[in-house]
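Colleague: One file is attached below, coords.pdb, containing PDB, C-alpha atoms.
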```pdb
ATOM      1  CA  MET A 968      32.698  -9.767 -15.592
ATOM      2  CA  ALA A 969      33.878  -9.559 -11.993
ATOM      3  CA  GLY A 970      31.960 -11.298  -9.250
ATOM      4  CA  CYS A 971      29.821 -14.388  -8.913
ATOM      5  CA  LEU A 972      26.391 -15.157 -10.215
ATOM      6  CA  LEU A 973      23.586 -14.634  -7.702
ATOM      7  CA  ALA A 974      20.886 -17.211  -8.381
ATOM      8  CA  PHE A 975      17.296 -16.367  -7.530
ATOM      9  CA  GLU A 976      14.668 -18.332  -5.666
ATOM     10  CA  ALA A 977      10.900 -17.852  -5.696
ATOM     11  CA  LEU A 978       9.687 -15.518  -2.955
ATOM     12  CA  ASP A 979       8.183 -17.630  -0.194
ATOM     13  CA  ALA A 980       6.886 -16.403   3.167
ATOM     14  CA  LEU A 981       8.718 -19.038   5.205
ATOM     15  CA  ALA A 982      12.060 -18.586   3.434
ATOM     16  CA  PHE A 983      11.740 -14.801   3.682
ATOM     17  CA  ARG A 984      10.737 -14.741   7.354
ATOM     18  CA  PRO A 985      14.256 -13.977   8.701
ATOM     19  CA  PHE A 986      14.210 -10.815   6.567
ATOM     20  CA  GLY A 987      10.593  -9.712   6.983
ATOM     21  CA  ASP A 988       7.164 -10.615   5.653
ATOM     22  CA  VAL A 989       5.521 -11.357   2.338
ATOM     23  CA  ILE A 990       2.369  -9.314   1.720
ATOM     24  CA  GLU A 991       0.057 -11.571  -0.274
ATOM     25  CA  THR A 992      -3.322 -13.239  -0.098
ATOM     26  CA  ALA A 993      -1.778 -16.725   0.244
ATOM     27  CA  GLY A 994      -1.659 -17.743   3.891
ATOM     28  CA  ALA A 995      -3.565 -14.690   5.117
ATOM     29  CA  ALA A 996      -6.512 -14.854   7.497
ATOM     30  CA  VAL A 997      -9.616 -14.498   5.313
ATOM     31  CA  ARG A 998     -13.110 -13.198   5.974
ATOM     32  CA  LEU A 999     -16.021 -11.768   4.049
ATOM     33  CA  ILE A1000     -16.934  -8.167   4.846
ATOM     34  CA  ASN A1001     -19.006  -5.303   3.406
ATOM     35  CA  GLN A1002     -22.296  -7.198   3.040
ATOM     36  CA  GLY A1003     -20.466 -10.108   1.435
ATOM     37  CA  THR A1004     -19.103  -8.055  -1.463
ATOM     38  CA  THR A1005     -15.461  -7.981  -0.311
ATOM     39  CA  THR A1006     -12.980 -10.623   0.808
ATOM     40  CA  ARG A1007     -10.560  -9.328   3.405
ATOM     41  CA  TYR A1008      -7.079 -10.886   3.739
ATOM     42  CA  ASP A1009      -5.173  -9.915   6.882
ATOM     43  CA  CYS A1010      -1.493 -10.228   6.109
ATOM     44  CA  ALA A1011       0.117 -10.146   9.542
ATOM     45  CA  ALA A1012       3.070  -8.142   8.215
ATOM     46  CA  ARG A1013       5.136  -6.888  11.146
ATOM     47  CA  ILE A1014       4.939  -3.188  10.314
ATOM     48  CA  ASP A1015       7.452  -1.454  12.559
ATOM     49  CA  VAL A1016       7.529   2.244  11.900
ATOM     50  CA  GLY A1017       9.334   3.372  14.973
ATOM     51  CA  THR A1018       8.852   4.549  18.470
ATOM     52  CA  SER A1019       6.979   7.484  19.940
ATOM     53  CA  GLY A1020       7.244  10.593  17.763
ATOM     54  CA  ASP A1021       7.832   8.591  14.591
ATOM     55  CA  ARG A1022       5.038   8.095  12.085
ATOM     56  CA  PRO A1023       4.091   5.848   9.172
ATOM     57  CA  HIS A1024       4.705   7.397   5.769
ATOM     58  CA  LEU A1025       3.439   6.436   2.307
ATOM     59  CA  ALA A1026       5.318   7.041  -0.932
ATOM     60  CA  LEU A1027       5.090   5.826  -4.501
ATOM     61  CA  PHE A1028       8.273   4.524  -6.156
ATOM     62  CA  ARG A1029       8.433   4.295  -9.950
ATOM     63  CA  ALA A1030      11.382   2.060 -10.734
ATOM     64  CA  THR A1031      13.050   1.447 -14.079
ATOM     65  CA  ARG A1032      14.881  -1.688 -15.078
ATOM     66  CA  ARG A1033      18.682  -1.659 -14.708
ATOM     67  CA  ALA A1034      21.061  -2.780 -17.444
ATOM     68  CA  ARG A1035      21.759  -6.524 -17.736
ATOM     69  CA  PRO A1036      23.302  -8.232 -15.974
ATOM     70  CA  ILE A1037      22.048  -6.533 -12.822
ATOM     71  CA  THR A1038      25.121  -5.903 -10.661
ATOM     72  CA  ILE A1039      24.904  -5.904  -6.864
ATOM     73  CA  SER A1040      27.773  -3.847  -5.507
ATOM     74  CA  MET A1041      26.140  -2.136  -2.535
ATOM     75  CA  MET A1042      23.494  -2.771   0.117
ATOM     76  CA  GLU A1043      21.502  -0.552   2.463
ATOM     77  CA  ARG A1044      19.436  -0.868   5.616
ATOM     78  CA  HIS A1045      17.071   1.200   7.756
ATOM     79  CA  PRO A1046      17.944   1.057  11.455
ATOM     80  CA  LEU A1047      14.814   2.894  12.618
ATOM     81  CA  GLY A1048      11.976   1.014  10.956
ATOM     82  CA  SER A1049      10.624  -1.516   8.514
ATOM     83  CA  GLN A1050       9.984  -0.698   4.860
ATOM     84  CA  ALA A1051       7.202  -2.305   2.834
ATOM     85  CA  PHE A1052       6.969  -2.477  -0.960
ATOM     86  CA  VAL A1053       3.721  -3.476  -2.668
ATOM     87  CA  PRO A1054       3.560  -3.655  -6.486
ATOM     88  CA  LEU A1055       0.918  -1.497  -8.153
ATOM     89  CA  SER A1056       1.756  -2.558 -11.703
ATOM     90  CA  ASP A1057       2.599  -5.677 -13.660
ATOM     91  CA  GLY A1058       5.932  -7.460 -13.727
ATOM     92  CA  ASP A1059       8.078  -9.672 -11.532
ATOM     93  CA  TRP A1060      10.679  -8.009  -9.329
ATOM     94  CA  LEU A1061      13.622  -8.986  -7.148
ATOM     95  CA  VAL A1062      14.314  -8.681  -3.431
ATOM     96  CA  VAL A1063      18.002  -9.005  -2.576
ATOM     97  CA  VAL A1064      18.791  -9.329   1.136
ATOM     98  CA  ALA A1065      21.690 -10.326   3.375
ATOM     99  CA  PRO A1066      21.475 -12.143   6.718
ATOM    100  CA  GLY A1067      22.881 -10.873   9.971
ATOM    101  CA  ASP A1068      23.504  -7.560  11.690
ATOM    102  CA  GLY A1069      27.154  -7.131  10.715
ATOM    103  CA  PRO A1070      28.418  -5.792   7.395
ATOM    104  CA  PRO A1071      26.706  -7.703   4.570
ATOM    105  CA  ASP A1072      28.682 -10.661   3.200
ATOM    106  CA  PRO A1073      28.456 -10.549  -0.604
ATOM    107  CA  MET A1074      28.621 -14.336  -0.779
ATOM    108  CA  ALA A1075      25.704 -14.708   1.663
ATOM    109  CA  LEU A1076      23.203 -12.639  -0.364
ATOM    110  CA  ARG A1077      19.797 -14.110  -1.153
ATOM    111  CA  CYS A1078      17.775 -13.054  -4.185
ATOM    112  CA  PHE A1079      14.011 -13.639  -4.071
ATOM    113  CA  ARG A1080      11.952 -13.307  -7.234
ATOM    114  CA  ALA A1081       8.549 -11.825  -6.390
ATOM    115  CA  THR A1082       5.462 -11.727  -8.571
ATOM    116  CA  ARG A1083       3.186  -8.804  -9.247
ATOM    117  CA  HIS A1084       0.913 -10.160  -6.510
ATOM    118  CA  GLN A1085       3.554 -10.247  -3.777
ATOM    119  CA  GLY A1086       4.725  -7.347  -1.654
ATOM    120  CA  VAL A1087       7.330  -7.528   1.068
ATOM    121  CA  ASN A1088       7.862  -5.819   4.382
ATOM    122  CA  ILE A1089      11.613  -5.670   4.996
ATOM    123  CA  ALA A1090      12.307  -5.743   8.721
ATOM    124  CA  ARG A1091      14.184  -2.985  10.514
ATOM    125  CA  ASN A1092      17.961  -3.269  10.144
ATOM    126  CA  VAL A1093      17.886  -5.966   7.436
ATOM    127  CA  TRP A1094      20.449  -5.339   4.688
ATOM    128  CA  HIS A1095      18.781  -5.132   1.280
ATOM    129  CA  HIS A1096      19.457  -3.835  -2.180
ATOM    130  CA  PRO A1097      17.430  -0.907  -3.555
ATOM    131  CA  LEU A1098      14.398  -1.814  -5.650
ATOM    132  CA  LEU A1099      15.033  -4.082  -8.657
ATOM    133  CA  VAL A1100      12.370  -4.527 -11.321
ATOM    134  CA  LEU A1101      12.250  -6.797 -14.348
ATOM    135  CA  ALA A1102       9.747  -4.884 -16.506
ATOM    136  CA  PRO A1103      10.871  -1.602 -18.089
ATOM    137  CA  GLU A1104       8.976   0.413 -15.449
ATOM    138  CA  GLN A1105       7.051  -0.683 -12.339
ATOM    139  CA  THR A1106       5.336   1.325  -9.610
ATOM    140  CA  PHE A1107       5.187   0.393  -5.930
ATOM    141  CA  LEU A1108       3.483   1.681  -2.832
ATOM    142  CA  VAL A1109       6.061   2.072  -0.061
ATOM    143  CA  LEU A1110       5.201   2.186   3.640
ATOM    144  CA  GLU A1111       8.047   3.237   5.894
ATOM    145  CA  ARG A1112       8.917   5.132   9.030
ATOM    146  CA  ALA A1113       9.264   8.921   9.066
ATOM    147  CA  GLY A1114      10.702  11.004  11.860
ATOM    148  CA  ASN A1115      13.929  12.463  13.154
ATOM    149  CA  GLY A1116      17.253  10.657  13.023
ATOM    150  CA  ASP A1117      19.272   8.969  10.291
ATOM    151  CA  ASN A1118      17.362   5.961   9.000
ATOM    152  CA  LEU A1119      19.740   4.974   6.185
ATOM    153  CA  GLU A1120      23.007   3.034   6.226
ATOM    154  CA  GLU A1121      24.744   2.123   2.996
ATOM    155  CA  VAL A1122      27.699  -0.170   2.323
ATOM    156  CA  THR A1123      29.539  -0.406  -0.983
ATOM    157  CA  PHE A1124      31.514  -3.616  -1.507
ATOM    158  CA  SER A1125      35.181  -2.683  -1.347
ATOM    159  CA  ASN A1126      36.423  -5.014  -4.079
ATOM    160  CA  GLU A1127      34.952  -5.240  -7.527
ATOM    161  CA  ALA A1128      35.349  -9.001  -7.233
ATOM    162  CA  ASP A1129      32.833  -8.948  -4.380
ATOM    163  CA  SER A1130      30.037  -7.786  -6.681
ATOM    164  CA  ARG A1131      27.325 -10.285  -7.488
ATOM    165  CA  PHE A1132      25.439 -10.315 -10.747
ATOM    166  CA  ILE A1133      21.969 -11.480 -11.637
ATOM    167  CA  ASP A1134      21.558 -12.842 -15.122
ATOM    168  CA  LEU A1135      17.898 -12.038 -15.843
TER     169      LEU A1135
ATOM    170  CA  MET B 321     -36.791   3.135  -7.010
ATOM    171  CA  ALA B 322     -36.700   4.982  -3.686
ATOM    172  CA  GLY B 323     -34.174   7.701  -3.037
ATOM    173  CA  CYS B 324     -32.324  10.305  -5.045
ATOM    174  CA  LEU B 325     -29.580   9.965  -7.574
ATOM    175  CA  LEU B 326     -26.090  10.592  -6.202
ATOM    176  CA  ALA B 327     -23.987  12.160  -8.944
ATOM    177  CA  PHE B 328     -20.253  11.557  -8.983
ATOM    178  CA  GLU B 329     -17.365  13.948  -9.377
ATOM    179  CA  ALA B 330     -13.767  13.162 -10.348
ATOM    180  CA  LEU B 331     -11.527  12.543  -7.340
ATOM    181  CA  ASP B 332      -9.412  15.621  -6.736
ATOM    182  CA  ALA B 333      -7.008  16.215  -3.846
ATOM    183  CA  LEU B 334      -8.340  19.681  -3.025
ATOM    184  CA  ALA B 335     -12.003  18.675  -3.129
ATOM    185  CA  PHE B 336     -11.279  15.572  -1.057
ATOM    186  CA  ARG B 337      -9.169  17.335   1.544
ATOM    187  CA  PRO B 338     -11.968  17.724   4.144
ATOM    188  CA  PHE B 339     -12.320  13.935   4.078
ATOM    189  CA  GLY B 340      -8.676  12.876   3.846
ATOM    190  CA  ASP B 341      -5.938  12.638   1.222
ATOM    191  CA  VAL B 342      -5.525  11.384  -2.308
ATOM    192  CA  ILE B 343      -2.557   9.023  -2.746
ATOM    193  CA  GLU B 344      -1.221   9.673  -6.240
ATOM    194  CA  THR B 345       1.884  10.875  -8.042
ATOM    195  CA  ALA B 346       0.210  14.151  -9.086
ATOM    196  CA  GLY B 347       1.160  16.928  -6.702
ATOM    197  CA  ALA B 348       3.644  14.802  -4.739
ATOM    198  CA  ALA B 349       7.167  15.905  -3.876
ATOM    199  CA  VAL B 350       9.427  14.172  -6.405
ATOM    200  CA  ARG B 351      13.045  13.097  -6.321
ATOM    201  CA  LEU B 352      15.320  10.617  -8.043
ATOM    202  CA  ILE B 353      16.776   7.875  -5.820
ATOM    203  CA  ASN B 354      18.532   4.503  -6.132
ATOM    204  CA  GLN B 355      21.332   5.616  -8.458
ATOM    205  CA  GLY B 356      18.835   7.423 -10.656
ATOM    206  CA  THR B 357      16.798   4.297 -11.432
ATOM    207  CA  THR B 358      13.748   5.177  -9.335
ATOM    208  CA  THR B 359      11.514   8.224  -9.034
ATOM    209  CA  ARG B 360      10.178   8.714  -5.536
ATOM    210  CA  TYR B 361       6.853  10.518  -4.965
ATOM    211  CA  ASP B 362       6.150  11.527  -1.378
ATOM    212  CA  CYS B 363       2.408  11.734  -0.973
ATOM    213  CA  ALA B 364       1.981  13.600   2.304
ATOM    214  CA  ALA B 365      -1.037  11.481   3.229
ATOM    215  CA  ARG B 366      -1.937  12.127   6.849
ATOM    216  CA  ILE B 367      -1.670   8.539   8.063
ATOM    217  CA  ASP B 368      -3.169   8.468  11.537
ATOM    218  CA  VAL B 369      -3.079   4.994  12.986
ATOM    219  CA  GLY B 370      -3.703   5.829  16.562
ATOM    220  CA  THR B 371      -2.009   6.603  19.796
ATOM    221  CA  SER B 372       0.488   4.716  21.885
ATOM    222  CA  GLY B 373      -0.162   0.978  21.887
ATOM    223  CA  ASP B 374      -1.905   1.071  18.511
ATOM    224  CA  ARG B 375      -0.125  -0.098  15.375
ATOM    225  CA  PRO B 376      -0.384   0.205  11.607
ATOM    226  CA  HIS B 377      -1.907  -2.823   9.917
ATOM    227  CA  LEU B 378      -1.907  -3.927   6.272
ATOM    228  CA  ALA B 379      -4.658  -5.953   4.636
ATOM    229  CA  LEU B 380      -5.692  -6.813   1.094
ATOM    230  CA  PHE B 381      -9.348  -6.283   0.119
ATOM    231  CA  ARG B 382     -10.722  -8.059  -2.939
ATOM    232  CA  ALA B 383     -13.971  -6.302  -3.785
ATOM    233  CA  THR B 384     -16.665  -7.356  -6.226
ATOM    234  CA  ARG B 385     -19.007  -5.058  -8.057
ATOM    235  CA  ARG B 386     -22.464  -4.536  -6.547
ATOM    236  CA  ALA B 387     -25.689  -4.800  -8.522
ATOM    237  CA  ARG B 388     -26.786  -1.738 -10.491
ATOM    238  CA  PRO B 389     -27.839   0.786  -9.492
ATOM    239  CA  ILE B 390     -25.475   0.899  -6.523
ATOM    240  CA  THR B 391     -27.636   1.776  -3.504
ATOM    241  CA  ILE B 392     -26.233   3.734  -0.575
ATOM    242  CA  SER B 393     -28.320   2.968   2.504
ATOM    243  CA  MET B 394     -25.656   2.916   5.221
ATOM    244  CA  MET B 395     -22.379   4.596   6.140
ATOM    245  CA  GLU B 396     -19.551   3.743   8.517
ATOM    246  CA  ARG B 397     -16.615   5.469  10.188
ATOM    247  CA  HIS B 398     -13.515   4.614  12.208
ATOM    248  CA  PRO B 399     -13.171   6.749  15.351
ATOM    249  CA  LEU B 400      -9.666   5.519  16.226
ATOM    250  CA  GLY B 401      -7.698   5.980  13.016
ATOM    251  CA  SER B 402      -7.435   6.724   9.324
ATOM    252  CA  GLN B 403      -7.936   4.061   6.650
ATOM    253  CA  ALA B 404      -6.103   4.103   3.325
ATOM    254  CA  PHE B 405      -7.121   2.242   0.163
ATOM    255  CA  VAL B 406      -4.684   1.902  -2.744
ATOM    256  CA  PRO B 407      -5.764   0.049  -5.905
ATOM    257  CA  LEU B 408      -3.601  -2.904  -6.933
ATOM    258  CA  SER B 409      -5.624  -3.778 -10.030
ATOM    259  CA  ASP B 410      -7.330  -2.067 -12.944
ATOM    260  CA  GLY B 411     -10.675  -0.280 -12.852
ATOM    261  CA  ASP B 412     -12.201   2.931 -11.592
ATOM    262  CA  TRP B 413     -13.792   2.919  -8.151
ATOM    263  CA  LEU B 414     -15.972   5.156  -5.998
ATOM    264  CA  VAL B 415     -15.402   6.897  -2.668
ATOM    265  CA  VAL B 416     -18.647   7.967  -0.988
ATOM    266  CA  VAL B 417     -18.229  10.246   2.030
ATOM    267  CA  ALA B 418     -20.344  12.539   4.206
ATOM    268  CA  PRO B 419     -19.235  15.806   5.819
ATOM    269  CA  GLY B 420     -19.385  16.560   9.517
ATOM    270  CA  ASP B 421     -19.140  14.699  12.790
ATOM    271  CA  GLY B 422     -22.848  14.179  13.403
ATOM    272  CA  PRO B 423     -24.971  11.411  11.897
ATOM    273  CA  PRO B 424     -24.443  11.404   8.131
ATOM    274  CA  ASP B 425     -27.019  13.375   6.119
ATOM    275  CA  PRO B 426     -28.007  11.263   3.099
ATOM    276  CA  MET B 427     -28.587  14.403   1.049
ATOM    277  CA  ALA B 428     -25.093  15.721   1.832
ATOM    278  CA  LEU B 429     -23.197  12.678   0.526
ATOM    279  CA  ARG B 430     -20.366  13.199  -1.961
ATOM    280  CA  CYS B 431     -19.331  10.539  -4.449
ATOM    281  CA  PHE B 432     -15.793  10.743  -5.874
ATOM    282  CA  ARG B 433     -14.828   8.623  -8.859
ATOM    283  CA  ALA B 434     -11.204   7.490  -8.496
ATOM    284  CA  THR B 435      -8.984   5.976 -11.150
ATOM    285  CA  ARG B 436      -6.769   2.932 -10.897
ATOM    286  CA  HIS B 437      -3.894   5.315 -10.160
ATOM    287  CA  GLN B 438      -5.526   7.047  -7.195
ATOM    288  CA  GLY B 439      -5.675   5.810  -3.636
ATOM    289  CA  VAL B 440      -7.291   7.618  -0.735
ATOM    290  CA  ASN B 441      -6.570   7.946   2.940
ATOM    291  CA  ILE B 442      -9.891   8.497   4.704
ATOM    292  CA  ALA B 443      -9.360  10.562   7.827
ATOM    293  CA  ARG B 444     -10.297   9.345  11.283
ATOM    294  CA  ASN B 445     -14.017   9.744  12.047
ATOM    295  CA  VAL B 446     -15.047  10.606   8.473
ATOM    296  CA  TRP B 447     -18.273   8.883   7.440
ATOM    297  CA  HIS B 448     -17.783   6.772   4.327
ATOM    298  CA  HIS B 449     -19.390   3.920   2.471
ATOM    299  CA  PRO B 450     -17.658   0.536   2.274
ATOM    300  CA  LEU B 451     -15.541  -0.075  -0.830
ATOM    301  CA  LEU B 452     -17.320   0.345  -4.184
ATOM    302  CA  VAL B 453     -15.698  -0.910  -7.369
ATOM    303  CA  LEU B 454     -16.761  -0.590 -10.990
ATOM    304  CA  ALA B 455     -14.907  -3.568 -12.509
ATOM    305  CA  PRO B 456     -16.174  -7.088 -11.695
ATOM    306  CA  GLU B 457     -13.350  -7.583  -9.161
ATOM    307  CA  GLN B 458     -10.654  -5.204  -7.875
ATOM    308  CA  THR B 459      -7.979  -5.648  -5.213
ATOM    309  CA  PHE B 460      -6.744  -2.940  -2.829
ATOM    310  CA  LEU B 461      -4.040  -2.583  -0.256
ATOM    311  CA  VAL B 462      -5.551  -1.226   2.963
ATOM    312  CA  LEU B 463      -3.543   0.538   5.666
ATOM    313  CA  GLU B 464      -5.396   1.079   8.910
ATOM    314  CA  ARG B 465      -5.043   1.187  12.657
ATOM    315  CA  ALA B 466      -5.002  -1.972  14.769
ATOM    316  CA  GLY B 467      -5.268  -2.130  18.544
ATOM    317  CA  ASN B 468      -7.760  -2.385  21.350
ATOM    318  CA  GLY B 469     -11.110  -0.617  21.379
ATOM    319  CA  ASP B 470     -14.038  -0.426  18.982
ATOM    320  CA  ASN B 471     -12.942   1.266  15.773
ATOM    321  CA  LEU B 472     -16.184   0.853  13.803
ATOM    322  CA  GLU B 473     -19.426   2.819  13.857
ATOM    323  CA  GLU B 474     -22.199   2.065  11.383
ATOM    324  CA  VAL B 475     -25.394   3.932  10.586
ATOM    325  CA  THR B 476     -28.206   2.581   8.445
ATOM    326  CA  PHE B 477     -30.527   5.201   6.972
ATOM    327  CA  SER B 478     -33.845   4.830   8.776
ATOM    328  CA  ASN B 479     -36.108   5.488   5.801
ATOM    329  CA  GLU B 480     -35.839   3.739   2.460
ATOM    330  CA  ALA B 481     -36.486   7.119   0.868
ATOM    331  CA  ASP B 482     -33.197   8.339   2.349
ATOM    332  CA  SER B 483     -31.190   5.886   0.238
ATOM    333  CA  ARG B 484     -29.118   7.338  -2.570
ATOM    334  CA  PHE B 485     -28.384   5.497  -5.756
ATOM    335  CA  ILE B 486     -25.524   5.699  -8.189
ATOM    336  CA  ASP B 487     -26.354   4.986 -11.794
ATOM    337  CA  LEU B 488     -23.056   3.566 -13.108
TER     338      LEU B 488
END
```
Mind turning this structure into structure tokens?
Modeller:
Amino acid sequence: MAGCLLAFEALDALAFRPFGDVIETAGAAVRLINQGTTTRYDCAARIDVGTSGDRPHLALFRATRRARPITISMMERHPLGSQAFVPLSDGDWLVVVAPGDGPPDPMALRCFRATRHQGVNIARNVWHHPLLVLAPEQTFLVLERAGNGDNLEEVTFSNEADSRFIDL
Amino acid sequence: MAGCLLAFEALDALAFRPFGDVIETAGAAVRLINQGTTTRYDCAARIDVGTSGDRPHLALFRATRRARPITISMMERHPLGSQAFVPLSDGDWLVVVAPGDGPPDPMALRCFRATRHQGVNIARNVWHHPLLVLAPEQTFLVLERAGNGDNLEEVTFSNEADSRFIDL
């Protein structure tokens, strides 16, 4: 198998902060609303869905598990807005990101393992891998920017040896 | 018990359209993405989180079930933006809304029963009741408008006899 193992770390708001925000009840501002029947957690995710003329857009993504080992041979980013993923179904999932604005360095990738109770908001222009789930099928709510212009950049690693694999 | 029974109807995109949008895979534009591993459903919800200077905001609401019968004696609305609720946990839930821009007419209320796989986006200025869940505890992702100004109006029905009750 070409490429190096990519080890995972638990998703943690502080560790993930250079790449975006974790959407979870932990650490959120809490208050009781609706005659005391509902607890409200304000997540402080930095939703960034563009400038004037753009708009927030909701979609549902139903992702299936990839073959093992999961191979990371490309990355993508959205130069015009953030993209949030919030799990609607059970199962852990993975968030693979790369630091920096230049072309993603395969050896610098980070892999965060998120629980069913953790969403993420990936910041504008942050390199990330498309959705990776660990259960056979998992559904997510996705909040992103819609509008004119090309909001997708993709990079495929030029050498097979640059691929990373996740042994999960 | 004062007040009249409020019967429920199944949540349906067409019936709900005067009040907002249903966020669900049914009826959405579908395409395969992410190397064929993910099905994307674009929901066409009319997210309306305000004008310049406003911003979209995510929160998590953990709602508990109210005592039976559920009594509807007040309604609220948000004059500055839409508010979306998407279930993150199991259980049916109820969306109580009133037509029109004037003070809500208790006898004109509609009660939609939503499944665990249906979210709603309540349009700006639509009278609705705070979150009503049928399981002991249910969590939702909420997408709404944040910014300056007062985005909440509440009306309490003046006569106890105006209350509606839901026998579920």
Colleague: Check which residues of chain A sit at most 10 Å from chain B using all atoms listed in the file, and return one row each with the closest pair of atoms and their distance in Å to one decimal, ordered by chain and rising number, as a Markdown table.
Modeller:
```
| residue | atom | partner | partner_atom | distance |
| --- | --- | --- | --- | --- |
| A:Ile990 | CA | B:Leu378 | CA | 8.2 |
| A:Glu991 | CA | B:Leu380 | CA | 7.6 |
| A:Thr992 | CA | B:Leu380 | CA | 7.0 |
| A:Ala995 | CA | B:Ala379 | CA | 8.8 |
| A:Ala996 | CA | B:Ala379 | CA | 9.5 |
| A:Val997 | CA | B:Leu380 | CA | 9.6 |
| A:Arg998 | CA | B:Phe381 | CA | 9.8 |
| A:Leu999 | CA | B:Phe381 | CA | 9.5 |
| A:Ile1000 | CA | B:Pro450 | CA | 9.1 |
| A:Asn1001 | CA | B:Pro450 | CA | 6.1 |
| A:Gln1002 | CA | B:Pro450 | CA | 9.1 |
| A:Gly1003 | CA | B:Thr384 | CA | 9.0 |
| A:Thr1004 | CA | B:Thr384 | CA | 5.4 |
| A:Thr1005 | CA | B:Ala383 | CA | 4.1 |
| A:Thr1006 | CA | B:Arg382 | CA | 5.1 |
| A:Arg1007 | CA | B:Phe381 | CA | 4.6 |
| A:Tyr1008 | CA | B:Leu380 | CA | 5.1 |
| A:Asp1009 | CA | B:Ala379 | CA | 4.6 |
| A:Cys1010 | CA | B:Ala379 | CA | 5.5 |
| A:Ala1011 | CA | B:Leu378 | CA | 7.3 |
| A:Ala1012 | CA | B:Leu378 | CA | 6.8 |
| A:Arg1013 | CA | B:His377 | CA | 8.2 |
| A:Ile1014 | CA | B:Pro376 | CA | 6.4 |
| A:Asp1015 | CA | B:Pro376 | CA | 8.1 |
| A:Val1016 | CA | B:Pro376 | CA | 8.2 |
| A:Thr1018 | CA | B:Ser372 | CA | 9.0 |
| A:Ser1019 | CA | B:Ser372 | CA | 7.3 |
| A:Gly1020 | CA | B:Ser372 | CA | 9.9 |
| A:Arg1022 | CA | B:Ile367 | CA | 7.8 |
| A:Pro1023 | CA | B:Ile367 | CA | 6.5 |
| A:His1024 | CA | B:Ile367 | CA | 6.9 |
| A:Leu1025 | CA | B:Cys363 | CA | 6.3 |
| A:Ala1026 | CA | B:Asp362 | CA | 4.6 |
| A:Leu1027 | CA | B:Tyr361 | CA | 5.0 |
| A:Phe1028 | CA | B:Arg360 | CA | 4.6 |
| A:Arg1029 | CA | B:Thr359 | CA | 5.1 |
| A:Ala1030 | CA | B:Thr358 | CA | 4.2 |
| A:Thr1031 | CA | B:Thr357 | CA | 5.4 |
| A:Arg1032 | CA | B:Thr357 | CA | 7.3 |
| A:Arg1033 | CA | B:Thr357 | CA | 7.1 |
| A:Ala1051 | CA | B:Leu378 | CA | 9.9 |
| A:Val1053 | CA | B:Leu461 | CA | 8.2 |
| A:Pro1054 | CA | B:Leu408 | CA | 7.2 |
| A:Leu1055 | CA | B:Leu408 | CA | 4.9 |
| A:Ser1056 | CA | B:Leu408 | CA | 7.2 |
| A:Asp1057 | CA | B:Ser409 | CA | 9.2 |
| A:Arg1083 | CA | B:Leu408 | CA | 9.3 |
| A:His1084 | CA | B:Leu408 | CA | 8.6 |
| A:His1096 | CA | B:Asn354 | CA | 9.3 |
| A:Pro1097 | CA | B:Asn354 | CA | 6.1 |
| A:Leu1098 | CA | B:Asn354 | CA | 7.6 |
| A:Leu1099 | CA | B:Thr357 | CA | 9.0 |
| A:Val1100 | CA | B:Thr357 | CA | 9.9 |
| A:Glu1104 | CA | B:Thr358 | CA | 9.1 |
| A:Gln1105 | CA | B:Thr358 | CA | 9.4 |
| A:Thr1106 | CA | B:Thr358 | CA | 9.3 |
| A:Phe1107 | CA | B:Leu408 | CA | 9.4 |
| A:Leu1108 | CA | B:Val406 | CA | 8.2 |
| A:Val1109 | CA | B:Arg360 | CA | 9.5 |
| A:Leu1110 | CA | B:Leu463 | CA | 9.1 |
```
Colleague: Could you jot down the atom CA of A:Pro1036 to atom CA of A:Ala1090 separation for me, Å, one decimal place?
Modeller: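 If I compute the distance from atom CA of A:Pro1036 to atom CA of A:Ala1090, I get 27.1 Å.
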Colleague: For this file, the PyMOL selection byres ((chain A and resi 970-982) around 9) selects which residues, as a CSV table (one decimal) with C-alpha atoms, in the coordinates of the input?
Modeller:
```
chain,number,residue,atom,x,y,z
A,968,MET,CA,32.7,-9.8,-15.6
A,969,ALA,CA,33.9,-9.6,-12.0
A,983,PHE,CA,11.7,-14.8,3.7
A,984,ARG,CA,10.7,-14.7,7.4
A,985,PRO,CA,14.3,-14.0,8.7
A,986,PHE,CA,14.2,-10.8,6.6
A,987,GLY,CA,10.6,-9.7,7.0
A,988,ASP,CA,7.2,-10.6,5.7
A,989,VAL,CA,5.5,-11.4,2.3
A,990,ILE,CA,2.4,-9.3,1.7
A,994,GLY,CA,-1.7,-17.7,3.9
A,1038,THR,CA,25.1,-5.9,-10.7
A,1039,ILE,CA,24.9,-5.9,-6.9
A,1061,LEU,CA,13.6,-9.0,-7.1
A,1062,VAL,CA,14.3,-8.7,-3.4
A,1063,VAL,CA,18.0,-9.0,-2.6
A,1074,MET,CA,28.6,-14.3,-0.8
A,1076,LEU,CA,23.2,-12.6,-0.4
A,1077,ARG,CA,19.8,-14.1,-1.2
A,1078,CYS,CA,17.8,-13.1,-4.2
A,1079,PHE,CA,14.0,-13.6,-4.1
A,1080,ARG,CA,12.0,-13.3,-7.2
A,1081,ALA,CA,8.5,-11.8,-6.4
A,1082,THR,CA,5.5,-11.7,-8.6
A,1085,GLN,CA,3.6,-10.2,-3.8
A,1127,GLU,CA,35.0,-5.2,-7.5
A,1128,ALA,CA,35.3,-9.0,-7.2
A,1129,ASP,CA,32.8,-8.9,-4.4
A,1130,SER,CA,30.0,-7.8,-6.7
A,1131,ARG,CA,27.3,-10.3,-7.5
A,1132,PHE,CA,25.4,-10.3,-10.7
A,1133,ILE,CA,22.0,-11.5,-11.6
A,1134,ASP,CA,21.6,-12.8,-15.1
```
Colleague: Residue by residue, what does the PyMOL selection byres ((chain B and resi 393-397) around 6) grab here? Present the result as number ranges by chain.
Modeller: B: 392, 398, 445-449, 472-477, 483
